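Student: Here it is, the structure in full.
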Amino acid sequence: MSEPTVLVKGLGIPESPRWHEGRLWFCNWIDRQIVAVDLNGRAEVAPARDQQQLMGYSIDWLPGGRLLMTGDRLRRQEPDGSMVTVAEQKANEIVVDARGNMYLNGADFDFAGGEAPKPGYIKLLTPDGELRQVADDIQFPNGMIITPDNRTLIISESFAAGSPRSTSTRTAGCPTGGSSPRDSARTASAPTPKARSGSPPAGPRSSASPRAVRSCSASTSVRTGRRSR
């Protein structure tokens, strides 16, 4: 195996890696930048325009090629480089399917301010502007990826280490990009997303536990298996 090559140094919390049009794109949170780097280490750096959050934003692209950015709200980059608001929804990660459905995850508590964790969610924003929640009770959603068959969305839960599960939902279409969760896969689920019993962890965990959301335009879901506490 060849030795890894360092392409970019001096980053301030790089997040949301995406391979797009022959380059690796990612968010450089501390400096509020969006960076694209090729295999020779040539980097193009742009400001994360209008982004109000120091941390907790990510990127993906619509099928037509326009960049989307989450954070304090969901924004879309226009051909002139300006950013317009697509939805006022605050979110962490995003993945977009081939039809332009946008899947957003997040959790409504002040993580940076030390507030006790609350369960998070996945929301779906359709191309016609309908926003609805399609999954809940996710213990700090932190990374989403779609399987190669374009049928299963996998989300990692940073505060659920040791309690693997997957959620499957019946509807058409799922996202096509995202970051890769690590740790073992597991299973679990329930008719229409409902909160399960048990309290969230008292504080952050270092590892993430993936769960899968099948056909995640999600009107129903099925969870199987047990959850450890």
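Chain labels A, B, ... are given in the sequence in which chains occur in the structure tokens; within each chain residues are numbered consecutively from 1, and ligands are likewise numbered from 1 in the order shown.
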Fewer than 5 positions away in the same chain doesn't count, so skip those; otherwise give me all residues within 12 Å of Leu62 (chain A), counting only C-alpha atoms, as a PyMOL selection string.
Tutor: chain A and resi 20+67-69+75-78+86+94-103+126-127+175-177
Student: Name all residues at most 9 Å from Asn28 (chain A) (count only C-alpha atoms; drop same-chain ones fewer than 6 positions away) and give them as a ChimeraX atom specification.
Tutor: /A:11-16,34-35,48,55
Student: So, with only C-alpha atoms as the atoms that count, which of A:Ala116, A:Leu125, A:Met1, A:Met144 lies closest to Asn92 (chain A)?
Tutor: A:Met144
Student: Just the residues within 10 Å of Asp50 (chain A), please, counting only C-alpha atoms, with nothing from its chain fewer than 2 positions along; format it as a list in words.
Tutor: Arg32, Pro47, Ala48, Gln52, Gln53, Gly71, Asp72, Arg73, Arg75, Ser82, Met83, Val84 and Thr85 of chain A
